[in-house]
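S.K.: protein.txt is reproduced below (compact mmCIF, C-alpha atoms and all ligand atoms).
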# COMPACT_ATOMS: atom_id res chain seq x y z
CA MET B 1 14.38 -8.42 1.20
CA PHE B 2 15.72 -11.87 0.34
CA SER B 3 12.39 -13.65 0.94
CA GLY B 4 10.19 -11.07 -0.90
CA PRO B 5 10.52 -12.56 -4.44
CA PHE B 6 9.57 -16.03 -3.15
CA ILE B 7 6.34 -14.90 -1.47
CA LYS B 8 3.23 -15.07 -3.67
CA VAL B 9 -0.07 -13.30 -3.01
CA ASN B 10 -3.01 -13.85 -5.44
CA GLY B 11 -0.58 -15.70 -7.73
CA GLU B 12 1.66 -12.61 -7.99
CA GLN B 13 5.01 -11.79 -6.44
CA LEU B 14 4.65 -9.87 -3.14
CA ILE B 15 6.42 -6.82 -4.60
CA LEU B 16 7.40 -6.36 -8.25
CA LEU B 17 8.69 -3.15 -9.84
CA ASN B 18 8.86 -4.17 -13.49
CA ILE B 19 9.72 -0.88 -15.17
CA LEU B 20 10.39 -2.62 -18.53
CA GLU B 21 6.84 -4.06 -18.80
CA ARG B 22 5.36 -1.16 -16.81
CA LYS B 23 3.83 -3.59 -14.34
CA PHE B 24 3.94 -2.94 -10.59
CA VAL B 25 2.71 -5.34 -7.91
CA PHE B 26 2.23 -4.46 -4.26
CA PHE B 27 0.99 -7.18 -1.92
CA GLY B 28 -0.63 -9.12 -4.76
CA VAL B 29 -2.41 -6.12 -6.33
CA VAL B 30 -1.30 -5.41 -9.90
CA PHE B 31 -0.94 -1.81 -11.07
CA TRP B 32 -0.70 -1.01 -14.80
CA PRO B 33 0.15 2.24 -16.65
CA GLN B 34 -3.60 3.12 -16.44
CA ASP B 35 -3.09 3.47 -12.66
CA PHE B 36 -0.40 6.10 -13.15
CA HIS B 37 -2.40 8.71 -11.18
CA ILE B 38 -2.51 6.34 -8.17
CA PHE B 39 1.21 5.72 -8.53
CA VAL B 40 1.98 9.47 -8.61
CA LEU B 41 -0.23 10.10 -5.56
CA ALA B 42 1.38 7.18 -3.70
CA MET B 43 4.85 8.61 -4.45
CA LEU B 44 3.74 12.06 -3.27
CA THR B 45 2.30 10.54 -0.06
CA PHE B 46 5.55 8.66 0.50
CA ILE B 47 7.63 11.84 0.03
CA ILE B 48 5.43 13.80 2.48
CA PHE B 49 5.69 10.88 4.93
CA ILE B 50 9.50 10.99 4.67
CA ILE B 51 9.51 14.78 5.13
CA LEU B 52 7.28 14.50 8.22
CA PHE B 53 9.25 11.58 9.60
CA THR B 54 12.54 13.45 9.08
CA ALA B 55 11.21 16.69 10.58
CA VAL B 56 10.31 14.76 13.76
CA PHE B 57 12.97 12.07 14.05
CA GLY B 58 15.84 13.43 11.95
CA ARG B 59 17.82 10.96 9.90
CA VAL B 60 16.56 7.80 11.64
CA TRP B 61 15.87 6.14 8.27
CA CYS B 62 19.57 6.39 7.34
CA GLY B 63 20.80 4.65 10.46
CA TRP B 64 18.14 1.97 10.88
CA ALA B 65 16.16 1.24 7.71
CA CYS B 66 18.25 2.19 4.67
CA PRO B 67 19.42 -1.02 2.92
CA GLN B 68 22.79 0.64 2.23
CA THR B 69 23.45 1.16 5.96
CA ILE B 70 22.06 -2.23 6.98
CA PHE B 71 24.19 -4.14 4.47
CA MET B 72 27.23 -2.01 5.29
CA GLU B 73 27.05 -2.16 9.08
CA MET B 74 25.46 -5.58 9.61
CA LEU B 75 27.25 -7.53 6.93
CA PHE B 76 30.18 -5.99 5.04
CA ARG B 77 31.78 -4.17 7.96
CA LYS B 78 31.28 -7.20 10.23
CA ILE B 79 33.09 -9.41 7.68
CA GLU B 80 35.86 -6.81 7.48
CA PHE B 81 36.23 -6.78 11.28
CA TRP B 82 36.17 -10.59 11.35
CA ILE B 83 38.96 -10.90 8.75
CA GLU B 84 41.10 -7.78 9.33
CA GLY B 85 40.37 -6.88 12.98
CA ASP B 86 39.24 -3.55 14.45
CA ALA B 87 39.77 -0.10 12.88
CA ASN B 88 43.35 0.25 14.23
CA LYS B 89 44.39 -3.19 12.94
CA GLN B 90 42.82 -2.40 9.56
CA ARG B 91 44.80 0.86 9.31
CA LYS B 92 48.03 -1.00 10.18
CA LEU B 93 47.28 -3.73 7.63
CA ASP B 94 46.61 -1.14 4.90
CA ALA B 95 49.85 0.69 5.67
CA SER B 96 51.99 -2.49 5.81
CA THR B 97 53.91 -3.93 2.85
CA LEU B 98 52.47 -6.93 1.01
CA THR B 99 52.96 -10.12 3.00
CA VAL B 100 51.38 -13.57 2.60
CA GLU B 101 49.04 -12.78 5.51
CA LYS B 102 47.97 -9.46 4.00
CA PHE B 103 47.45 -11.10 0.59
CA PHE B 104 45.21 -13.84 2.03
CA LYS B 105 43.22 -11.45 4.23
CA LYS B 106 42.56 -9.00 1.38
CA THR B 107 41.73 -11.80 -1.09
CA ALA B 108 39.34 -13.48 1.37
CA LYS B 109 37.59 -10.19 2.16
CA HIS B 110 37.13 -9.09 -1.45
CA THR B 111 36.03 -12.58 -2.57
CA LEU B 112 33.32 -12.58 0.11
CA PHE B 113 32.32 -9.01 -0.82
CA LEU B 114 32.00 -10.02 -4.48
CA LEU B 115 29.93 -13.12 -3.67
CA ILE B 116 27.53 -11.18 -1.46
CA SER B 117 27.26 -8.42 -4.09
CA PHE B 118 26.41 -11.10 -6.68
CA LEU B 119 23.69 -12.49 -4.39
CA ILE B 120 22.22 -9.03 -3.71
CA SER B 121 22.32 -8.30 -7.45
CA ASN B 122 20.25 -11.44 -8.21
CA VAL B 123 17.66 -10.57 -5.55
CA PHE B 124 17.51 -6.98 -6.77
CA LEU B 125 16.85 -8.20 -10.32
CA ALA B 126 14.11 -10.54 -9.04
CA TYR B 127 12.26 -7.43 -7.82
CA VAL B 128 12.62 -5.79 -11.24
CA ILE B 129 11.93 -8.61 -13.71
CA GLY B 130 10.31 -11.22 -11.41
CA LEU B 131 11.60 -14.47 -9.92
CA GLU B 132 10.63 -16.79 -12.83
CA PRO B 133 12.51 -14.81 -15.53
CA LEU B 134 15.52 -14.64 -13.17
CA ILE B 135 15.50 -18.43 -12.70
CA LYS B 136 15.43 -18.79 -16.51
CA ILE B 137 18.52 -16.56 -16.78
CA ILE B 138 20.28 -18.74 -14.20
CA GLU B 139 19.24 -22.10 -15.68
CA GLU B 140 19.38 -21.49 -19.42
CA PRO B 141 22.47 -20.81 -21.59
CA ILE B 142 23.92 -17.29 -21.26
CA THR B 143 23.57 -16.74 -25.03
CA LEU B 144 19.76 -16.77 -24.63
CA HIS B 145 19.85 -14.08 -21.94
CA ILE B 146 22.68 -11.72 -22.84
CA TYR B 147 20.85 -8.62 -21.50
CA GLY B 148 19.71 -10.31 -18.27
CA PHE B 149 23.16 -11.72 -17.62
CA SER B 150 24.80 -8.33 -18.34
CA ALA B 151 22.36 -6.69 -15.87
CA ILE B 152 23.43 -9.15 -13.13
CA ILE B 153 27.13 -8.40 -13.80
CA ILE B 154 26.57 -4.61 -13.86
CA PHE B 155 24.54 -4.67 -10.62
CA THR B 156 27.16 -6.92 -8.96
CA ALA B 157 29.92 -4.48 -9.93
CA ALA B 158 27.86 -1.52 -8.67
CA PHE B 159 27.10 -3.14 -5.28
CA TYR B 160 30.72 -4.26 -4.89
CA LEU B 161 31.94 -0.71 -5.63
CA VAL B 162 29.46 0.80 -3.16
CA PHE B 163 30.19 -1.60 -0.28
CA SER B 164 33.94 -1.95 -0.80
CA TYR B 165 35.02 1.56 -1.72
CA LEU B 166 32.35 4.28 -1.79
CA ARG B 167 30.66 3.40 1.50
CA GLU B 168 29.64 6.56 3.41
CA VAL B 169 30.33 8.70 0.31
CA VAL B 170 26.96 7.36 -0.88
CA CYS B 171 25.28 8.86 2.22
CA THR B 172 27.12 12.17 2.23
CA VAL B 173 27.54 12.97 -1.47
CA ILE B 174 25.34 10.76 -3.70
CA CYS B 175 22.10 10.15 -1.75
CA PRO B 176 19.58 12.97 -2.48
CA TYR B 177 17.77 12.34 0.81
CA GLY B 178 21.02 12.95 2.70
CA ARG B 179 21.56 16.21 0.82
CA LEU B 180 18.06 17.39 1.77
CA GLN B 181 18.66 17.16 5.53
CA GLY B 182 19.58 20.83 5.78
CA VAL B 183 16.11 21.95 4.69
CA LEU B 184 14.12 19.16 6.36
CA LEU B 185 15.51 19.59 9.87
CA ASP B 186 14.86 22.48 12.23
CA LYS B 187 15.62 23.32 15.87
CA LYS B 188 12.68 21.17 17.05
CA SER B 189 13.70 18.00 15.16
CA LEU B 190 14.97 15.07 17.19
CA VAL B 191 18.53 14.36 16.11
CA VAL B 192 21.57 12.66 17.57
CA ALA B 193 22.97 15.63 19.49
CA TYR B 194 25.63 16.44 22.03
CA ASP B 195 24.30 18.26 25.10
CA TYR B 196 26.82 21.12 25.12
CA GLU B 197 25.07 22.75 28.09
CA ARG B 198 26.02 19.69 30.16
CA GLY B 199 29.28 18.74 28.47
CA GLU B 200 31.09 22.07 28.21
CA PRO B 201 33.62 23.18 29.18
CA ARG B 202 35.10 19.79 28.40
CA GLY B 203 38.38 18.60 29.83
CA LYS B 204 40.33 15.58 30.99
CA LEU B 205 39.10 14.00 34.19
CA LYS B 206 41.07 15.08 37.26
CA LYS B 207 40.98 13.47 40.66
CA ASN B 208 41.13 15.18 44.04
CA THR B 209 40.46 13.99 47.58
CA SER B 210 36.68 14.22 47.18
CA GLY B 211 36.60 12.16 43.94
CA TYR B 212 36.66 12.97 40.20
CA VAL B 213 36.29 16.65 39.28
CA ASN B 214 35.96 18.49 36.00
CA THR B 215 33.85 21.41 34.89
CA GLY B 216 31.66 19.90 32.14
CA ASP B 217 30.62 16.25 31.81
CA CYS B 218 32.59 15.65 28.58
CA ILE B 219 36.03 14.27 29.48
CA ASP B 220 37.27 14.69 25.90
CA CYS B 221 38.07 10.97 25.59
CA ASN B 222 37.25 11.08 21.86
CA ILE B 223 35.59 7.64 21.96
CA CYS B 224 32.45 9.05 20.29
CA VAL B 225 34.61 10.11 17.34
CA GLN B 226 36.45 6.78 17.15
CA VAL B 227 33.24 4.71 16.92
CA CYS B 228 31.57 6.96 14.35
CA PRO B 229 31.38 5.14 10.97
CA THR B 230 31.44 8.45 9.10
CA GLY B 231 34.30 9.78 11.25
CA ILE B 232 32.63 12.96 12.49
CA ASP B 233 32.72 14.64 15.87
CA ILE B 234 29.08 15.09 16.91
CA ARG B 235 30.21 17.67 19.49
CA HIS B 236 30.54 20.11 16.58
CA GLY B 237 26.74 19.98 16.09
CA THR B 238 24.42 18.22 13.58
CA GLN B 239 26.27 17.42 10.39
CA LEU B 240 25.28 16.14 6.98
CA GLU B 241 27.49 13.07 7.49
CA CYS B 242 25.58 11.86 10.57
CA ILE B 243 23.44 8.82 9.67
CA ASN B 244 21.82 8.52 13.13
CA CYS B 245 23.37 5.10 13.79
CA THR B 246 23.59 6.03 17.54
CA LEU B 247 26.97 4.31 18.03
CA CYS B 248 28.30 7.51 19.63
CA ILE B 249 25.35 7.51 22.09
CA ASP B 250 26.18 3.98 23.28
CA ALA B 251 29.90 4.73 23.48
CA CYS B 252 29.41 7.94 25.47
CA ASP B 253 26.87 6.26 27.79
CA MET B 254 29.52 3.67 28.67
CA VAL B 255 31.99 6.45 29.49
CA MET B 256 29.39 8.27 31.62
CA GLU B 257 28.66 5.05 33.50
CA LYS B 258 32.35 4.56 34.26
CA ILE B 259 32.80 8.09 35.62
CA ASN B 260 29.51 8.03 37.50
CA ARG B 261 27.73 10.74 35.52
CA PRO B 262 24.16 10.64 34.14
CA GLN B 263 23.84 9.00 30.73
CA ARG B 264 22.72 10.65 27.46
CA LEU B 265 25.37 13.35 27.25
CA ILE B 266 24.92 12.45 23.60
CA GLY B 267 21.31 11.42 22.86
CA PHE B 268 18.22 11.87 20.71
CA LYS B 269 17.41 15.49 21.48
CA SER B 270 16.26 18.59 19.63
CA GLN B 271 18.45 21.70 19.63
CA GLU B 272 15.61 23.56 21.34
CA GLN B 273 15.44 20.88 24.05
CA ILE B 274 19.16 21.35 24.82
CA SER B 275 19.19 25.15 24.80
CA SER B 276 15.89 25.70 26.66
CA LYS B 277 16.05 22.50 28.78
CA GLN B 278 12.35 21.94 28.02
CA ALA B 279 10.62 18.71 26.99
CA PHE B 280 10.32 17.88 23.28
CA ARG B 281 7.39 19.58 21.51
CA PHE B 282 6.02 19.32 17.95
CA SER B 283 6.42 22.44 15.84
CA LYS B 284 3.63 24.03 13.73
CA ARG B 285 5.47 22.79 10.64
CA ILE B 286 5.04 19.21 11.84
CA TYR B 287 1.28 19.69 12.39
CA GLY B 288 1.08 21.15 8.85
CA TYR B 289 2.89 18.16 7.29
CA ALA B 290 0.71 15.76 9.31
CA ALA B 291 -2.47 17.45 8.02
CA ILE B 292 -1.28 17.25 4.38
CA LEU B 293 -0.29 13.62 4.89
CA GLY B 294 -3.72 12.84 6.37
CA VAL B 295 -5.48 14.35 3.31
CA LEU B 296 -3.20 12.49 0.88
CA ILE B 297 -3.69 9.16 2.66
CA SER B 298 -7.48 9.64 2.61
CA VAL B 299 -7.54 10.40 -1.14
CA LEU B 300 -5.17 7.52 -1.86
CA SER B 301 -7.28 5.10 0.20
CA PHE B 302 -10.41 6.23 -1.65
CA LEU B 303 -8.71 5.71 -5.04
CA LEU B 304 -7.47 2.27 -4.03
CA ILE B 305 -10.84 1.15 -2.65
CA SER B 306 -12.79 2.47 -5.65
CA ARG B 307 -10.26 1.15 -8.20
CA SER B 308 -12.13 -1.12 -10.63
CA ASP B 309 -10.85 -4.45 -11.96
CA ILE B 310 -11.58 -3.37 -15.54
CA GLU B 311 -10.69 0.00 -17.02
CA THR B 312 -12.74 1.11 -20.01
CA VAL B 313 -12.13 3.77 -22.64
CA ILE B 314 -15.09 4.47 -24.95
CA LEU B 315 -15.07 6.68 -28.04
CA ARG B 316 -17.62 7.36 -30.77
CA ALA B 317 -16.26 6.01 -34.07
CA GLY B 318 -14.48 8.77 -35.97
CA GLY B 319 -16.12 10.23 -39.11
CA THR B 320 -19.65 9.02 -38.26
CA LEU B 321 -22.69 10.92 -36.99
CA TYR B 322 -25.83 8.81 -36.62
CA GLN B 323 -27.74 6.26 -38.67
CA GLU B 324 -31.56 6.46 -39.04
CA ARG B 325 -32.96 2.94 -39.34
CA PRO B 326 -36.14 1.81 -41.16
CA ASP B 327 -37.60 0.35 -37.93
CA GLY B 328 -37.86 3.82 -36.33
CA THR B 329 -34.64 3.64 -34.35
CA VAL B 330 -31.38 5.65 -34.45
CA SER B 331 -27.91 4.19 -33.92
CA ASN B 332 -24.39 5.53 -33.17
CA LEU B 333 -21.18 3.57 -33.77
CA TYR B 334 -18.64 3.23 -30.92
CA ASN B 335 -15.22 1.71 -30.23
CA VAL B 336 -14.36 0.61 -26.73
CA GLU B 337 -11.18 -0.75 -25.18
CA LEU B 338 -11.39 -2.77 -21.94
CA ILE B 339 -8.24 -3.39 -19.90
CA ASN B 340 -8.03 -6.20 -17.33
CA LYS B 341 -6.13 -4.90 -14.29
CA THR B 342 -6.34 -8.14 -12.31
CA SER B 343 -3.99 -11.13 -12.31
CA ASP B 344 -6.71 -13.51 -13.65
CA PRO B 345 -8.67 -13.72 -16.93
CA VAL B 346 -11.99 -11.85 -16.62
CA LYS B 347 -15.31 -12.75 -18.31
CA PHE B 348 -17.48 -9.70 -18.86
CA GLU B 349 -20.68 -8.37 -20.40
CA LEU B 350 -21.34 -4.86 -21.76
CA LEU B 351 -24.93 -3.61 -21.31
CA PRO B 352 -26.82 -0.31 -21.75
CA VAL B 353 -28.16 1.31 -18.58
CA GLU B 354 -31.40 2.79 -20.01
CA LYS B 355 -34.45 0.68 -20.78
CA GLY B 356 -35.38 0.51 -24.48
CA THR B 357 -31.73 1.02 -25.56
CA SER B 358 -29.89 -1.94 -27.08
CA ILE B 359 -26.41 -2.86 -28.30
CA GLN B 360 -25.54 -4.52 -31.61
CA PHE B 361 -21.94 -5.80 -31.72
CA ILE B 362 -19.80 -5.73 -34.88
CA ARG B 363 -16.69 -7.02 -33.08
CA LYS B 364 -17.44 -8.88 -29.86
CA GLU B 365 -15.30 -10.45 -27.14
CA ASP B 366 -16.40 -11.67 -23.73
CA THR B 367 -13.07 -12.52 -22.01
CA ILE B 368 -9.97 -10.44 -21.27
CA GLY B 369 -6.75 -12.31 -20.55
CA LYS B 370 -4.64 -11.58 -17.44
CA GLY B 371 -3.17 -8.09 -17.79
CA LYS B 372 -4.46 -7.82 -21.40
CA SER B 373 -6.93 -5.59 -23.20
CA VAL B 374 -9.67 -6.18 -25.80
CA LYS B 375 -11.29 -3.84 -28.35
CA LEU B 376 -14.98 -3.97 -29.24
CA THR B 377 -16.97 -2.18 -31.94
CA PHE B 378 -20.74 -1.84 -31.60
CA PHE B 379 -23.86 0.21 -32.31
CA ILE B 380 -25.97 1.69 -29.54
CA ILE B 381 -29.56 1.73 -30.79
CA LYS B 382 -32.35 3.96 -29.40
CA PRO B 383 -35.98 4.35 -30.51
CA GLN B 384 -36.44 7.69 -32.31
CA LYS B 385 -39.53 8.46 -30.14
CA ASP B 386 -37.36 8.52 -26.96
CA ILE B 387 -34.93 11.12 -28.32
CA ALA B 388 -35.61 14.70 -27.17
CA GLU B 389 -32.36 16.49 -28.05
CA TYR B 390 -29.59 16.36 -30.65
CA LYS B 391 -26.84 15.43 -28.19
CA SER B 392 -27.56 13.42 -25.04
CA GLU B 393 -25.67 11.42 -22.42
CA ILE B 394 -26.00 7.67 -22.53
CA GLY B 395 -24.90 5.19 -19.88
CA LEU B 396 -23.28 1.73 -20.17
CA LYS B 397 -22.16 -0.77 -17.56
CA VAL B 398 -19.63 -3.59 -17.54
CA LEU B 399 -20.71 -6.67 -15.60
CA SER B 400 -18.42 -9.43 -14.40
CA LYS B 401 -19.57 -12.40 -12.30
CA GLY B 402 -23.00 -10.69 -12.04
CA ARG B 403 -21.49 -7.56 -10.48
CA THR B 404 -21.13 -4.10 -12.04
CA VAL B 405 -17.36 -3.47 -12.20
CA GLU B 406 -17.35 -0.30 -14.30
CA GLU B 407 -19.90 2.36 -15.27
CA LEU B 408 -19.29 4.67 -18.20
CA SER B 409 -21.10 7.33 -20.13
CA THR B 410 -20.77 8.71 -23.63
CA THR B 411 -22.64 11.04 -25.96
CA PHE B 412 -25.39 9.90 -28.32
CA ILE B 413 -26.24 12.00 -31.37
CA ALA B 414 -29.59 11.84 -33.14
CA PRO B 415 -32.17 14.11 -34.85
CA PRO B 416 -34.59 15.18 -32.05
CA ASN B 417 -38.14 13.84 -32.12
CA PHE B 418 -40.22 17.10 -32.32
S1 LIG B 501 32.44 9.97 24.37
FE1 LIG B 501 31.33 11.43 25.61
S2 LIG B 501 32.80 12.09 27.10
FE2 LIG B 501 33.99 11.10 25.50
S3 LIG B 501 34.52 12.81 24.13
FE3 LIG B 501 32.62 11.96 23.36
S4 LIG B 501 31.07 13.24 24.32
FE4 LIG B 501 32.94 13.57 25.50
S1 LIG B 502 28.26 7.65 15.47
FE1 LIG B 502 26.97 9.32 16.11
S2 LIG B 502 27.69 11.07 14.91
FE2 LIG B 502 28.53 9.24 13.94
S3 LIG B 502 27.00 8.75 12.37
FE3 LIG B 502 26.48 7.54 14.16
S4 LIG B 502 24.98 8.82 15.23
FE4 LIG B 502 26.02 10.17 13.77
Could you render the structure as structure tokens?

M.R.:
Amino acid sequence: MFSGPFIKVNGEQLILLNILERKFVFFGVVFWPQDFHIFVLAMLTFIIFIILFTAVFGRVWCGWACPQTIFMEMLFRKIEFWIEGDANKQRKLDASTLTVEKFFKKTAKHTLFLLISFLISNVFLAYVIGLEPLIKIIEEPITLHIYGFSAIIIFTAAFYLVFSYLREVVCTVICPYGRLQGVLLDKKSLVVAYDYERGEPRGKLKKNTSGYVNTGDCIDCNICVQVCPTGIDIRHGTQLECINCTLCIDACDMVMEKINRPQRLIGFKSQEQISSKQAFRFSKRIYGYAAILGVLISVLSFLLISRSDIETVILRAGGTLYQERPDGTVSNLYNVELINKTSDPVKFELLPVEKGTSIQFIRKEDTIGKGKSVKLTFFIIKPQKDIAEYKSEIGLKVLSKGRTVEELSTTFIAPPNF
């Protein structure tokens, strides 16, 4: 995430989501508002992918890929442990009266949290407005970049609030993906689950002459609850608060090792696997999602491969029909707009497809700047003898570097040659 804005592909930032200029870059390929249909399809494909992924693996994204969890568990919570100690020490510190030690610990923690939030905020903005504009905001006087500077401050405050105070509330209350778990999961989904068939009836470990005895494998030590960042007891079943971080699995495995019982009393299992004691199987729903995803990926790939560098919109000039010329030809007047979707200037040529047809330009351009558009006005001229009907289709092609980059057709109106 931190290196992304510094990586350039085809002269463009690796990933840019510039909503303000409506410019999106993925791996060096620029997408403009004209590619909105591709963008919508890509979003739809991504949503179906998430649904499929969740139906199979549960909330794995939340525990292992979500930036909120990664920053929280790998950075902010580690700093908190480093400064204030483990969960028990933190509780004691919070409950104690204000001492010099408490003052310094809290100040150090919140100063570090603010600094990291400020750093994340800058990187986040680099993905939205681009690295170069961000560097300008940093280097130039604040008065020249009031909006940019305000955005950095607002994002810093938001990240600080999330990582210092809201924390798991984001996962359980605010995040829409978290709220959707109930409908995305079913009995065949792999989730972090407690094997109640093995664990119950739970009870404290008792010792007799032949060794440790208890009825179920769970010794009710509560360690799985203590390590859980969202504070839930997974033995009560799958809950909205579970972010699949697997800390309870590791903790319980350690307990099982100590008491000489098989591991994975808590593990990645489906409810069906636990109740029927059968191996994991895909449900029909999963095959259905996979089929839809396959179709969407195919269509998206086709659209991406066939996407042209230049997009053209051609219209017959309003209020005109046709012009009969003294040399025995007929002409129609057209306006055309050409949009350059690449990250380089493009030289082009507009030519008719049919032999005997010619173009006479009124307004001519032959170069489109990077990410810009040009408008041309021209007549298409056809010999009267070649015209058989009042309204016919006529083809044009746009050439760039000797290659056809766009083909278009429009209507041509003329009195038929009877
Ligand atoms: S860590 Fe394992 S043994 Fe201990 S309470 Fe949790 S499930 Fe039971
Ligand atoms: S510790 Fe276990 S129950 Fe708690 S969030 Fe992580 S995976 Fe879920």

S.K.: With distances taken over only C-alpha atoms and all ligand atoms, which of B:Ala193, B:Ala151, B:Val25, B:Ile223 is nearest to ligand LIG 501 (chain B)?

M.R.: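 Among the listed residues, the smallest separation from ligand LIG 501 (chain B) belongs to B:Ile223.
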
S.K.: Nearest to ligand LIG 501 (chain B) among B:Ala157, B:Ile219, B:Leu14, B:Val9, with distances taken over only C-alpha atoms and all ligand atoms: which residue is it?

M.R.: B:Ile219

S.K.: Could you tell me how far atom CA of B:Lys136 lies from atom CA of B:Ser3, in Å and to one decimal?

M.R.: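 Computing the Euclidean distance for atom CA of B:Lys136 and atom CA of B:Ser3 yields 18.4 Å.
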
S.K.: How many Å lie between atom CA of B:Thr320 and atom CA of B:Asn332, rounded to one decimal?

M.R.: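 Taking atom CA of B:Thr320 as the start and atom CA of B:Asn332 as the end point, the length is 7.8 Å.
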
S.K.: Considering all atoms listed in the file, can you say which of B:Cys221, B:Ile135, B:Cys228, B:Leu396 comes closest to ligand LIG 502 (chain B)?

M.R.: B:Cys228

S.K.: Could you please determine the separation between atom CA of B:Lys370 and atom CA of B:Ile152 in Å, to one decimal place?

M.R.: 28.5 Å

S.K.: Can you work out which residues are within 12 Å of ligand LIG 501 (chain B), considering all atoms listed in the file, and then hand them over as a VMD selection string?

M.R.: chain B and resid 192 to 205 214 216 to 228 232 to 237 246 to 267

S.K.: Given the point (-17.1, -14.5, -15.1) in the file's coordinates, find the residues that have an atom at most 12 Å from it, counting all atoms listed in the file, and give them as a PyMOL selection string.

M.R.: chain B and resi 344-349+366-369+398-405

S.K.: For B:Val336, list every protein, DNA or RNA residue within 7 Å, evaluated using all atoms listed in the file, and leave out those in the same chain fewer than 5 positions away; present the list as a PyMOL selection string.

M.R.: chain B and resi 312-315+375-377

S.K.: Ranking B:Asn244, B:Gly85, B:Lys102, B:Tyr127 by minimum distance to ligand LIG 502 (chain B) and counting all atoms listed in the file, which one comes first?

M.R.: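 Under the stated criterion, the closest residue is B:Asn244.
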